[in-house]
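Have a look at the structure below, then the notes.
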Amino acid sequence: MDALSYFATSWVSPELFGLTALGTFLGIYIGAIPGLSVTMAVSILISFTFSWDVNNALCLMVGVYMGGVYGGSRTAILLNIPGAPSAIATALDGYPLAQKGLAGEAIGLSTVMSVIGGFVGIIVLALAAPTVSKFAITFQPRDYMMLGILGITLVGSLSGGSLAKGIFAGALGLLVGTVGLDPMTAQERFTFGDVNLWNGINPVAVMIGMFGVGEALHQLHYMDKTVVKQKINRILPKLSDLKKYLPLSLQSSLLGVIIGALPGTGGDIAALMAYDHAKRITKNPKVPFGEGAKEGLIAPESANNAAVGGAYIPMLTLGIPGDAVTAVFIGALFIHGLNPGPLLLTEQPHMFWFTVGNLTLSNIFVLIFGLTGIKIFSKIVECPKGILIPIIFLLSIVGSYAINNSIVDIWWMLAFGILGYFMRLYRFPVGPVILGVILSSLTDQNWRRAILSERGDLGPFFAHIFTSPLSTVLFLAIVWIFFTQTPIWTKMLKPRLFRKKSST
Amino acid sequence: MSSPSLRKPGEVVFSLLLVVFSLFVFWQAYKIAGFSSMSSAGAFPMAASFAMLLSSCFIFVKTLRTPKAQGMRFFYHCLPPVVAFIMAIILIYAVLLNSVGFTLTSFAFLFICIQTLHRRSPFYTFALSLITLIVVYIVFRLIFQVVLPEGIVPEDRVIAVIKSLWS
Amino acid sequence: MKKTVLTLLTALSLSSTASFAAYPDKDIQGIIQWGAGGSTDTVMRSIAPHVEKLLGTDIILTNKTGGVGAIATKYVYAKRADGYTLLMGAENPQMYKVLGLGKIDYSDMIPIDILARGTPIIVANSNAPYNNMEEFLDYLHNHPDQVKIGSTGKGGMTSLVLAMLKSQTKMNYISIPYNGDGPALTAIQSGAIDVMPAVLGAAIEQVKAGRMKVIGLIDNEPNKLLPNIKPVTDTLPGMKKYLPWGPFFGVFVKKGTPKVAVEKLQTAFHKAALNPDFIKLMDKRGYSILNISGKKARNFLDSYRSTSSWLAYEGGVAKISPAKFGIPKP
């Protein structure tokens with residue numbers, strides 16, 4: 001009974017109700033602007049809400065978080081510029097839909113699926129938090145490493161026409177991700193002695209460059225083309241569509257919760273993995289992936305919002321952040337006089353249900369604000385290109401500066417923008433580059449930690465994989481995906497081997 | 001759009017540049033730690049750059065084999081003057097941003113770009129650039145407190161004066 | 001319109017003839033060396049609102065990460081010395097010179113306030129077969145190259161604590177580096193590492209919940225948050241010469257900042273650090289409040305620099321001798 005009253009705290013107080021609504025609304029638009037990150041918004045809110053009551057502050061921040069994760073999909077669909085790394089996978093099929101004049105439907109569908117994902121995340125948080133956190137903490141370096149490798153095999157599904165070009169792009173991304181002072185040994189990697197490179201190249205700068213500037217430069221070719229008129233009469237997705245895609249959405253959501261709950265992985269990896277999952281299980285999509293398949297929109301959107309609930313699990317039960325935003329939340333709780341940690345739930349039992357209630361409320365607001373603003377938002381695409389493109393350039397530049405208040409990030413953004421332009425021109429996929437950047441440090445560091453733990457011996461390293469059920473499952477998953485799903489095997493090796501067999 | 005099976009002008013050079021670049025980073029990756037150990041700082045970069053090298057060589061050979069697209073010129077179909085011009089403008093903007101300051105450079109940038117791409121009366125462009133800039137400034141500088149490069153305009157003083165008028 | 005133009009003009013003329021008696025007459029920028037959500041960030045964001053009230057101006061806090069804080073340090077040093085750009089940092093710059101990370105350290109800055117110091121402790125997985133320093137060192141001697149000790153990069157707090165211990169006794173272990181104490185403390189709970197040095201504040205909640213245990217206190221006197229733990233000097237008396245020692249948080253301005261501005265900032269930060277809310281927060285996180293400035297702060301900084309630099313050099317972490325920069329031996 002107590003739980004219910006704590007759950008309802010933010011629903012019955014008009015003040016908290018209003019703040020959650022405001023936070024969610026702001027979050028959607030913060031998330032939509034590339035370069036304005038939820039992490040940044042929440043840390044500014046810490047100073048802003050310093051003197052407030054802790055509940056008020058949390059309502060606003062939770063709203064911004066929930067709304068922000070969803071908001072990234074807006075610009076991804078409309079402009080092919082993901083508002084945040086977790087919306088990269090959304091752009092792959094969302095933007096082609098907008099080009100067909102279906103932006104309204106795409107946004108409507110992504111909103112509903114985000115909300116479903118959000119609810120799955122919240123339900124798992126509410127019902128299974130202790131179990132999931134116990135599971136999440138058993139992940140060893142080798143498991144993280146295998147998770148990274150599993151992610152890298154995604155290059156296959158992101159590379160479109162030419163696998164070789166996809167592999168090149170993915171490897172380039174992995175390489176870009178290693179630039180800077182090695183966080184493990186402090187050795188310089190590809191820094192050429194320049195201090196500005198020590199912190200590496202920011203993934204968001206790469207993303208804004210490749211997707212934002214690269215795309216906008218490419219658009220200059222089609223200046224004289226009339227803009228696509230958007231059909232906005234249908235916003236609510238068809239009931240038959242919802243029914244059809246619900247299983248996929250639920251699967252992606254569960255994937256999202258688990259990836260979100262793991263400390264060190266978040267919505268970005270969850271969304272990309274869900275995209276890959278969708279591509280693998282959808283045998284005959286109505287529209288091919290990459291050209292506006294609804295499956296390719298639904299899976300990442302469900303997964304990244306489900307990851308929000310997931311990220312809260314280790315934070316509330318163990319005091320360990322599930323992602324960058326929850327790390328800032330932990331700081332905020334400290335400042336407001338709470339002790340986030342494994343004891344939080346015994347010392348402040350109301351915090352748990354209050355947060356669950358608040359997330360639920362915020363998720364409902366995502367649905368409301370997500371479905372109401374579409375008409376005006378879709379108009380952005382109809383704005384004359386001569387005005388829109390310069391504004392995209394300006395936002396890309398300011399956005400990449402805002403990541404770390406550094407001019408150097410602008411330079412990287414521009415360099416990757418120009419590279420992205422030529423890559424597009426010569427039909428290289430740009431998705432794998434970002435994938436590589438995101439997964440690089442996860443794979444690199446955990447690979448080395450795993451090897452160091454075995455004192456550099458590969459033998460015990462492989463032997464130990466089979467002593468843990470979790471590692472065994474991950475290992476078998478990699479082997480299975482590699483041999484059945486990646487084009488390396490199915491398109492390149494398999495036919496050759498079989499041909500050889502038949503000729504001898 | 002041309003058919004994907006044809007080679008665009010500049011494609012050979014681009015894929016050759018990728019091979020050269022891959023070679024360079026592979027050498028750089030080797031320099032980090034050589035083949036010292038599986039867990040060295042250089043192991044992963046070396047693996048990544050080796051994959052780049054292999055795939056770029058493959059791409060290069062494949063590109064050479066594809067037939068050339070007829071009637072396509074690099075500076076018309078691949079890098080039209082307008083794209084090159086905008087790239088140059090963005091580069092100049094990024095160079096000047098820190099020393100001249102955000103407000104002035106961004107205004108000039110917006111004005112020139114919109115005027116080139118949209119071709120309306122300068123007054124219209126002027127007003128549009130100004131409004132855009134003000135919105136961006138309010139969102140980033142005032143709400144999100146991103147301190148944009150000030151350059152030669154003493155923005156902080158202006159803000160302080162406006163604030164004092166307020167109170 | 002005319003009025004705005006006039007005010008703008010006044011503003012422009014003001015900027016050229018600004019007198020420092022009026023300090024502060026515009027927003028102050030606070031550059032935080034570490035990222036959002038980190039301990040430096042938390043401390044600075046919790047003191048800034050109190051200071052804002054006392055100074056009557058806004059402090060715009062900006063995280064500028066990179067190069068173990070060297071990017072932020074360089075940035076503040078490149079700005080005008082007018083008291084409008086504050087460096088909010090941790091102990092790291094004191095090691096830049098010997099680690100070859102930069103030419104500027106806190107001796108090139110004026111300390112406004114050294115707010116607090118953290119106490120290093122050594123934590124272990126709750127199932128580890130040792131409960132105090134003596135047992136741990138015994139176990140380590142009997143099981144060479146088996147214990148996995150987590151660290152957080154070269155020149156960081158953990159590597160210096162290990163260098164201190166190594167200067168006293170022989171240690172053979174597997175070192176597993178992490179990028180930050182957060183991930184490393186998680187790894188201790190999952191059993192990926194067995195032991196690691198950490199700051200008391202970062203581990204205290206996990207310790208209270210029994211998810212890991214404290215086996216050593218790197219201090220020369222007991223800590224009230226850990227009543228059952230003996231200070232390390234009881235086991236290794238040789239450690240006395242290094243202690244008390246620990247990472248700290250401070251606010252700095254560039255050398256050459258006008259005296260009026262420095263004094264105003266010092267008073268404001270000093271008062272703000274006496275605020276009961278701030279004190280409560282620091283106590284709970286296990287930080288010892290120092291709240292020192294001027295000569296006291298300078299002595300503290302110098303002593304930290306000489307202890308750490310020589311430790312790092314003699315422990316092989318740093319390649320450049322501190323003597324080269326005139327850093328005296330402790």
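Labels used: A, B, ... for chains in the order of the structure tokens, numbers from 1 for residues in each chain, and numbers from 1 for ligands as shown.
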Each residue of chain A lying at most 7 Å from chain B should get a row with its shortest atom-to-atom pair and the distance in Å to one decimal, counting only C-alpha atoms; could you produce that, ordered by chain and increasing number, as a Markdown table?
| residue | atom | partner | partner_atom | distance |
| --- | --- | --- | --- | --- |
| A:Ala164 | CA | B:Ser55 | CA | 5.3 |
| A:Lys165 | CA | B:Ile59 | CA | 6.8 |
| A:Ile167 | CA | B:Ser55 | CA | 6.6 |
| A:Phe168 | CA | B:Met52 | CA | 4.9 |
| A:Ala171 | CA | B:Ala48 | CA | 5.0 |
| A:Leu172 | CA | B:Met52 | CA | 6.5 |
| A:Leu174 | CA | B:Ala48 | CA | 6.3 |
| A:Leu175 | CA | B:Pro45 | CA | 5.6 |
| A:Thr178 | CA | B:Pro45 | CA | 6.6 |
| A:Asp182 | CA | B:Ala41 | CA | 6.7 |
| A:Arg189 | CA | B:Ile32 | CA | 6.5 |
| A:Phe190 | CA | B:Gln28 | CA | 6.8 |
| A:Leu217 | CA | B:Val83 | CA | 6.3 |
| A:Leu220 | CA | B:Val83 | CA | 6.4 |
| A:Gly386 | CA | B:His118 | CA | 4.3 |
| A:Ile387 | CA | B:Ile114 | CA | 5.6 |
| A:Pro390 | CA | B:Cys113 | CA | 5.8 |
| A:Ala402 | CA | B:Val146 | CA | 6.0 |
| A:Tyr426 | CA | B:Glu11 | CA | 6.4 |
| A:Asp444 | CA | B:Phe44 | CA | 5.9 |
| A:Arg448 | CA | B:Ser39 | CA | 4.5 |
| A:Ile451 | CA | B:Ser39 | CA | 6.1 |
| A:Leu452 | CA | B:Ser39 | CA | 6.6 |
| A:Gly456 | CA | B:Met38 | CA | 6.8 |
N, CA and C atoms of the current selection, written as a short mmCIF file (atom, residue, chain, number, x, y, z; two decimals), in the first residue's frame:
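result35.cif, written as the output of this step:
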data_model
loop_
_atom_site.label_atom_id
_atom_site.label_comp_id
_atom_site.auth_asym_id
_atom_site.auth_seq_id
_atom_site.Cartn_x
_atom_site.Cartn_y
_atom_site.Cartn_z
N ALA A 164 32.92 -5.05 -48.06
CA ALA A 164 34.28 -4.56 -47.87
C ALA A 164 34.25 -3.11 -47.43
N LYS A 165 33.37 -2.31 -48.04
CA LYS A 165 33.27 -0.92 -47.65
C LYS A 165 32.76 -0.79 -46.22
N ILE A 167 33.21 -3.00 -43.81
CA ILE A 167 34.29 -3.39 -42.90
C ILE A 167 35.29 -2.25 -42.77
N PHE A 168 35.60 -1.62 -43.90
CA PHE A 168 36.54 -0.50 -43.82
C PHE A 168 35.98 0.57 -42.89
N ALA A 171 36.07 -0.56 -39.23
CA ALA A 171 37.43 -0.58 -38.69
C ALA A 171 37.94 0.84 -38.48
N LEU A 172 37.58 1.74 -39.39
CA LEU A 172 37.96 3.14 -39.23
C LEU A 172 37.37 3.68 -37.92
N LEU A 174 36.49 1.95 -35.24
CA LEU A 174 37.20 1.35 -34.10
C LEU A 174 38.52 2.06 -33.87
N LEU A 175 39.20 2.40 -34.97
CA LEU A 175 40.49 3.06 -34.86
C LEU A 175 40.32 4.47 -34.27
N THR A 178 40.11 4.66 -30.64
CA THR A 178 41.28 4.42 -29.80
C THR A 178 42.19 5.64 -29.70
N ASP A 182 45.68 6.34 -23.85
CA ASP A 182 45.07 5.08 -23.50
C ASP A 182 44.67 5.12 -22.03
N ARG A 189 48.12 7.37 -28.14
CA ARG A 189 47.81 6.63 -29.35
C ARG A 189 47.32 7.61 -30.41
N PHE A 190 48.02 7.70 -31.50
CA PHE A 190 47.68 8.57 -32.63
C PHE A 190 47.49 10.03 -32.21
N LEU A 217 25.85 18.60 -46.90
CA LEU A 217 26.67 18.89 -48.09
C LEU A 217 26.13 18.11 -49.28
N LEU A 220 23.20 19.58 -51.06
CA LEU A 220 23.44 20.72 -51.95
C LEU A 220 23.33 20.33 -53.42
N GLY A 386 17.43 26.12 -49.01
CA GLY A 386 18.38 27.22 -48.95
C GLY A 386 18.47 27.85 -47.57
N ILE A 387 17.40 27.70 -46.79
CA ILE A 387 17.42 28.22 -45.43
C ILE A 387 17.81 27.11 -44.46
N PRO A 390 21.87 26.00 -44.31
CA PRO A 390 22.75 26.84 -43.49
C PRO A 390 22.48 26.70 -41.99
N ALA A 402 29.55 22.62 -28.20
CA ALA A 402 28.93 22.51 -26.88
C ALA A 402 29.28 21.21 -26.15
N TYR A 426 30.83 8.02 -52.86
CA TYR A 426 31.36 6.78 -53.42
C TYR A 426 30.72 5.55 -52.78
N ASP A 444 38.14 -2.85 -26.73
CA ASP A 444 39.58 -2.75 -26.53
C ASP A 444 39.95 -2.97 -25.06
N ARG A 448 41.70 -6.35 -23.20
CA ARG A 448 42.99 -6.30 -22.51
C ARG A 448 42.87 -6.68 -21.05
N ILE A 451 42.61 -10.42 -20.89
CA ILE A 451 43.90 -11.07 -21.13
C ILE A 451 44.84 -10.87 -19.93
N LEU A 452 44.82 -9.64 -19.37
CA LEU A 452 45.67 -9.37 -18.21
C LEU A 452 45.28 -10.28 -17.04
N GLY A 456 48.08 -12.92 -19.58
CA GLY A 456 48.54 -12.94 -20.96
C GLY A 456 48.42 -14.28 -21.67
#
Can you pull out every residue within 6 Å of Asp113 (chain C), counting only C-alpha atoms, but drop anything in the same chain fewer than 4 positions away, and send it as an MDAnalysis selection string? chainID C and resid 250:251 291:293
For those residues, write N, CA, C and O atoms to a file as a PDB file, in the first residue's frame.
ATOM      1  N   GLY C 250      40.145  21.913  -5.266  1.00  0.00           N
ATOM      2  CA  GLY C 250      40.413  23.316  -5.006  1.00  0.00           C
ATOM      3  C   GLY C 250      39.956  24.207  -6.135  1.00  0.00           C
ATOM      4  O   GLY C 250      39.676  23.759  -7.241  1.00  0.00           O
ATOM      5  N   VAL C 251      39.902  25.505  -5.804  1.00  0.00           N
ATOM      6  CA  VAL C 251      39.527  26.504  -6.798  1.00  0.00           C
ATOM      7  C   VAL C 251      40.717  27.437  -6.980  1.00  0.00           C
ATOM      8  O   VAL C 251      41.330  27.863  -5.992  1.00  0.00           O
ATOM      9  N   ASN C 291      39.350  23.867   3.687  1.00  0.00           N
ATOM     10  CA  ASN C 291      38.972  25.276   3.584  1.00  0.00           C
ATOM     11  C   ASN C 291      40.144  26.198   3.895  1.00  0.00           C
ATOM     12  O   ASN C 291      40.072  27.044   4.769  1.00  0.00           O
ATOM     13  N   ILE C 292      41.238  26.028   3.184  1.00  0.00           N
ATOM     14  CA  ILE C 292      42.409  26.866   3.412  1.00  0.00           C
ATOM     15  C   ILE C 292      42.752  27.666   2.166  1.00  0.00           C
ATOM     16  O   ILE C 292      42.428  27.275   1.057  1.00  0.00           O
ATOM     17  N   SER C 293      43.383  28.817   2.391  1.00  0.00           N
ATOM     18  CA  SER C 293      43.827  29.616   1.250  1.00  0.00           C
ATOM     19  C   SER C 293      45.153  30.278   1.637  1.00  0.00           C
ATOM     20  O   SER C 293      45.687  30.031   2.714  1.00  0.00           O
TER      21      SER C 293
END
Can you build me a table of chain B residues sitting at most 10 Å from chain C, with the closest atom pair per residue and its distance in Å to one decimal, using only C-alpha atoms, sorted by chain and residue number, as CSV?
residue,atom,partner,partner_atom,distance
B:Phe144,CA,C:Ile60,CA,9.8
B:Gln145,CA,C:Ile60,CA,6.6
B:Val146,CA,C:Thr62,CA,7.5
B:Val147,CA,C:Thr62,CA,8.1
B:Val153,CA,C:Leu12,CA,8.5
B:Pro154,CA,C:Leu12,CA,6.8
B:Glu155,CA,C:Ala11,CA,9.0
B:Asp156,CA,C:Lys26,CA,6.4
B:Arg157,CA,C:Ala11,CA,5.7
B:Val158,CA,C:Ala11,CA,5.6
B:Ile159,CA,C:Lys26,CA,7.8
B:Ala160,CA,C:Lys26,CA,5.2
B:Val161,CA,C:Ala11,CA,6.5
B:Ile162,CA,C:Thr7,CA,8.0
B:Lys163,CA,C:Lys26,CA,9.3
B:Ser164,CA,C:Asp25,CA,9.7
B:Leu165,CA,C:Thr7,CA,9.3
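Remark: for Ile259 (chain A), the closest of the candidate residues A:Gly166, A:Phe139, A:Val176, A:Leu338 is A:Phe139 (distances computed over only C-alpha atoms).
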Test item: chain A residues at most 8 Å from chain C, counting only C-alpha atoms, as a count of residues only: 47
When you look at Pro93 (chain C) with a cut-off of 10 Å (counting only C-alpha atoms), what residues show up, excluding the ones that are within fewer than 2 positions of it in the same chain? I need them as a VMD selection string. chain C and resid 33 68 to 70 73 89 to 91 95 to 97 99 101 to 107 305
Take the selection from the previous step and output its residues with C-alpha atoms, as a compact mmCIF listing (two decimals), in the first residue's frame.
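Output contents, as saved in out-v3.txt:
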# COMPACT_ATOMS: atom_id res chain seq x y z
CA GLN C 33 38.50 19.76 -14.87
CA VAL C 68 43.79 14.30 -17.03
CA GLY C 69 42.59 17.87 -16.51
CA ALA C 70 45.45 19.45 -18.46
CA THR C 73 44.25 23.99 -16.75
CA GLY C 89 40.12 21.13 -10.16
CA ALA C 90 41.50 18.16 -8.33
CA GLU C 91 45.04 17.15 -7.40
CA MET C 95 51.87 15.75 -11.27
CA TYR C 96 51.84 17.21 -14.80
CA LYS C 97 55.47 18.23 -14.80
CA LEU C 99 54.56 12.94 -15.98
CA LEU C 101 51.66 16.14 -19.28
CA GLY C 102 52.15 19.90 -19.19
CA LYS C 103 54.28 22.78 -18.10
CA ILE C 104 51.71 24.42 -15.84
CA ASP C 105 50.80 23.25 -12.37
CA TYR C 106 49.22 24.92 -9.37
CA SER C 107 52.43 26.83 -8.63
CA ARG C 305 53.59 17.96 -5.08
Which one of A:Asp2, A:Glu15, A:Glu105, A:Asp93 sits closest to Ser378 (chain A) if you count only C-alpha atoms?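 Ranking A:Asp2, A:Glu15, A:Glu105, A:Asp93 by distance to Ser378 (chain A), first place goes to A:Glu105.
Between CA of Pro321 (chain A) and CA of Val308 (chain A) there is a distance of 11.4 Å.
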So how far away is CA of Ile28 (chain A) from CA of Phe211 (chain A), in Å?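 That distance, rounded to one decimal, is 19.8 Å.
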Write out as an MDAnalysis selection string which residues come within 12 Å of Ile364 (chain A) when counting only C-alpha atoms, dropping same-chain ones fewer than 6 positions away. chainID A and resid 11 17 20:21 24:25 63 66:67 111:112 114:119 122 357:358 370:371
Which parts of region 211-453 of chain A does DSSP call alpha helix (DSSP H) when run on the backbone here, written out as a VMD selection string? chain A and resid 214 to 219 239 to 261 267 to 281 295 to 318 324 to 335 344 to 347 349 to 372 374 to 382 385 to 404 407 to 425 431 to 453
Would you please give, as a ChimeraX atom specification, all residues of region 68-237 of chain A that DSSP assigns to strand (DSSP E) based on the backbone? /A:180-181,188-189
Neighbours of Cys59 (chain A) within 9 Å (only C-alpha atoms; same-chain residues fewer than 3 positions away dropped), as a list in words? Ser10, Leu16, Phe17, Gly18, Leu19, Thr20, Ala21, Gly23, Val54, Asn55, Asn56, Val62, Gly63, Val64, Thr355, Asn358, Leu359 and Ser362 of chain A
Measuring atom to atom with only C-alpha atoms, identify which of A:Ala57, A:Met351, A:Phe369, A:Asp143 is nearest to Leu26 (chain A).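 Of A:Ala57, A:Met351, A:Phe369, A:Asp143, the one nearest Leu26 (chain A), counting only C-alpha atoms, is A:Phe369.
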